[in-house]
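Notes follow the structure.
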Amino acid sequence: MKIVTKDIHIQDEVFTLTNQRALFWKKEKALILSDLHIGKTAHFRKNGIALSDHIFENDLQRLSVLIEYFQPEKFIIVGDLLHAGDNSGVDKFCEWKAEFPNLEFHLVEGNHDRISKKLEAKLCLNFRDETLNIDDFLFVHDFQKKNEKFQITGHIHPGFVINSVVKKIKLPCFVVTENQLLLPAFSEFTGLDTKNLPKKGRFYVFTDAEIYEI
């Protein structure tokens, strides 16, 4: 797995975008991502659709490489950590997380995060709330139109269409506007929304080899 990075500046802070669907905030030593959707493949299997755990295991492997690369002190999930409550996928995530006992785990709740007290204890969260404020930045799963703070959000699973000679190619991306940084879905087992995106944004589209500003 190759990690490609691109630094961007927002309100005098440096954020490092990656081609692995996550970003790093050096000042806070925080690895930030959204829409991991733990347990999605297990949920599909429970409902009669045969899917391999390889999809989720690949997501965890990418996370491990990012942690090794950036050496973060905290891990911020901007919503939809889970997909459908507690299942075998959550067990695998907790086993994986135990390999990083010193890494703080902050969850900004998303619409899929139905978490009981029992499940919260199982996940060993350091922080759990609908929003997280750090300095001048608001972390929230879905953009709040009436909030004037700069918001780092998820939920949309943003994608960008590239028109090639042969066919249209849809790629994941970050979107940055004057008051929002929209994260791509971290899980590769998600669709891409190319329509319901912020207006007048800068798109940072990425492949395995490069990050392109559009």
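Chain labels follow the order of the structure tokens: the first chain is A, the next B, and so on; residue numbering restarts at 1 in every chain, and ligands are counted from 1 in their shown order.
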
Give me the residues within 10 Å of A:Gln11 as an MDAnalysis selection string, counting only C-alpha atoms and dropping any in the same chain fewer than 4 places off.
chainID A and resid 136:137 150 178:179

Check stretch 7-135 of chain A with DSSP on the backbone and list each residue it calls strand (DSSP E), as an MDAnalysis selection string.
chainID A and resid 7:10 13:18 23:25 30:33 74:78 104:108 127:129 131:134

So, with only C-alpha atoms as the atoms that count, which of A:Ile32, A:Leu171, A:Leu119, A:Gly159 lies closest to A:Glu210?
A:Leu171

Would you kindly return, as a PyMOL selection string, each protein, DNA or RNA residue with an atom no farther than 10 Å from any atom of A:Arg128, considering only C-alpha atoms and excluding same-chain residues fewer than 2 positions away?
chain A and resi 77+105-109+115+120+125-126+130-132

Any chance you can output those residues with all heavy atoms as a CSV table (one decimal), in the first residue's frame?
```csv
chain,number,residue,atom,x,y,z
A,77,ILE,N,-13.0,9.7,14.7
A,77,ILE,CA,-14.0,9.2,13.7
A,77,ILE,C,-15.1,10.2,13.6
A,77,ILE,O,-15.9,10.4,14.6
A,77,ILE,CB,-14.6,7.8,14.1
A,77,ILE,CG1,-13.4,6.8,14.3
A,77,ILE,CG2,-15.5,7.3,13.0
A,77,ILE,CD1,-12.8,6.3,13.1
A,105,PHE,N,-9.3,7.4,21.5
A,105,PHE,CA,-10.3,7.0,20.5
A,105,PHE,C,-11.5,8.0,20.7
A,105,PHE,O,-12.2,7.8,21.7
A,105,PHE,CB,-10.7,5.6,20.7
A,105,PHE,CG,-11.6,5.0,19.6
A,105,PHE,CD1,-11.9,5.7,18.4
A,105,PHE,CD2,-12.3,3.8,19.8
A,105,PHE,CE1,-12.7,5.2,17.5
A,105,PHE,CE2,-13.1,3.3,18.9
A,105,PHE,CZ,-13.3,3.9,17.7
A,106,HIS,N,-11.7,8.9,19.7
A,106,HIS,CA,-12.8,9.9,19.8
A,106,HIS,C,-13.8,9.6,18.7
A,106,HIS,O,-13.5,9.6,17.6
A,106,HIS,CB,-12.2,11.3,19.6
A,106,HIS,CG,-11.2,11.7,20.7
A,106,HIS,ND1,-11.5,12.6,21.6
A,106,HIS,CD2,-10.0,11.2,20.9
A,106,HIS,CE1,-10.4,12.8,22.4
A,106,HIS,NE2,-9.5,11.9,22.0
A,107,LEU,N,-15.1,9.5,19.1
A,107,LEU,CA,-16.2,9.3,18.2
A,107,LEU,C,-17.2,10.4,18.2
A,107,LEU,O,-17.8,10.8,19.2
A,107,LEU,CB,-16.9,8.0,18.6
A,107,LEU,CG,-18.2,7.7,17.7
A,107,LEU,CD1,-17.8,7.5,16.3
A,107,LEU,CD2,-18.9,6.5,18.2
A,108,VAL,N,-17.3,11.0,17.0
A,108,VAL,CA,-18.4,11.9,16.7
A,108,VAL,C,-19.5,11.1,16.1
A,108,VAL,O,-19.4,10.5,15.0
A,108,VAL,CB,-18.0,13.1,15.8
A,108,VAL,CG1,-19.2,14.0,15.4
A,108,VAL,CG2,-16.8,13.8,16.4
A,109,GLU,N,-20.7,11.0,16.8
A,109,GLU,CA,-21.7,10.1,16.4
A,109,GLU,C,-22.3,10.4,15.0
A,109,GLU,O,-22.6,11.6,14.7
A,109,GLU,CB,-22.8,10.0,17.4
A,109,GLU,CG,-22.3,9.4,18.7
A,109,GLU,CD,-23.5,9.4,19.8
A,109,GLU,OE1,-24.2,10.4,19.9
A,109,GLU,OE2,-23.6,8.3,20.4
A,115,ILE,N,-25.4,3.0,19.6
A,115,ILE,CA,-24.5,2.5,20.6
A,115,ILE,C,-25.1,2.4,22.0
A,115,ILE,O,-25.4,3.4,22.6
A,115,ILE,CB,-23.2,3.3,20.6
A,115,ILE,CG1,-22.5,3.3,19.2
A,115,ILE,CG2,-22.2,2.7,21.6
A,115,ILE,CD1,-21.3,4.2,19.1
A,120,GLU,N,-20.6,0.7,24.1
A,120,GLU,CA,-19.7,1.8,24.3
A,120,GLU,C,-18.5,1.3,25.2
A,120,GLU,O,-17.4,1.7,24.9
A,120,GLU,CB,-20.4,3.0,25.0
A,120,GLU,CG,-19.5,4.2,25.2
A,120,GLU,CD,-20.2,5.4,25.8
A,120,GLU,OE1,-21.4,5.3,26.1
A,120,GLU,OE2,-19.6,6.4,26.0
A,125,LEU,N,-14.2,3.8,24.3
A,125,LEU,CA,-14.1,5.2,23.7
A,125,LEU,C,-13.6,6.1,24.8
A,125,LEU,O,-13.9,6.0,25.9
A,125,LEU,CB,-15.5,5.6,23.3
A,125,LEU,CG,-16.3,4.8,22.2
A,125,LEU,CD1,-17.7,5.3,22.1
A,125,LEU,CD2,-15.5,4.8,20.9
A,126,ASN,N,-12.7,7.0,24.3
A,126,ASN,CA,-12.3,8.1,25.2
A,126,ASN,C,-13.3,9.3,25.1
A,126,ASN,O,-13.3,10.1,26.1
A,126,ASN,CB,-10.9,8.6,24.8
A,126,ASN,CG,-9.8,7.6,25.0
A,126,ASN,OD1,-9.5,6.8,24.0
A,126,ASN,ND2,-9.3,7.5,26.2
A,130,GLU,N,-22.2,14.1,19.9
A,130,GLU,CA,-22.7,14.4,18.5
A,130,GLU,C,-21.8,15.4,17.8
A,130,GLU,O,-21.8,15.5,16.6
A,130,GLU,CB,-24.1,14.9,18.6
A,130,GLU,CG,-25.2,13.9,19.0
A,130,GLU,CD,-26.6,14.5,19.1
A,130,GLU,OE1,-26.7,15.7,18.8
A,130,GLU,OE2,-27.5,13.7,19.3
A,131,THR,N,-21.0,16.1,18.6
A,131,THR,CA,-20.1,17.1,18.0
A,131,THR,C,-18.8,17.1,18.8
A,131,THR,O,-18.8,16.7,20.0
A,131,THR,CB,-20.6,18.5,18.0
A,131,THR,OG1,-20.9,19.0,19.3
A,131,THR,CG2,-21.9,18.6,17.1
A,132,LEU,N,-17.7,17.5,18.2
A,132,LEU,CA,-16.4,17.7,18.9
A,132,LEU,C,-15.8,19.0,18.5
A,132,LEU,O,-15.7,19.3,17.3
A,132,LEU,CB,-15.5,16.6,18.6
A,132,LEU,CG,-14.0,16.7,19.0
A,132,LEU,CD1,-13.9,16.7,20.6
A,132,LEU,CD2,-13.2,15.5,18.5
```

Residues near A:Ala22, cut-off 7 Å, only C-alpha atoms, skip fewer than 5 positions along chain, as a count of residues only
4

Give me, as a list in words, all polymer residues having an atom no more than 10 Å from A:Lys149, counting only C-alpha atoms and skipping those fewer than 2 positions away in the same chain.
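Near neighbours after the sequence-gap exclusion: Asn133, Asp136, Phe137, Leu138, Phe139, Gln144, Lys145, Lys146, Asn147, Gln151, Ile152, Asn179 and Gln180 of chain A.
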
Using only C-alpha atoms, can you tell me which of A:Gly89, A:Ile38, A:Thr18, A:Glu95 comes closest to A:Phe70?
A:Thr18

Please indicate the distance in Å from atom CA of A:Asp113 to atom CA of A:Glu73, rounded to one decimal place.
23.1 Å

Could you tell me, as JSON, numbers by chain, which residues of stretch 117-185 of chain A DSSP assigns to alpha helix (DSSP H) when given the backbone?
{"A": [117, 118, 119, 120, 121, 122, 123]}
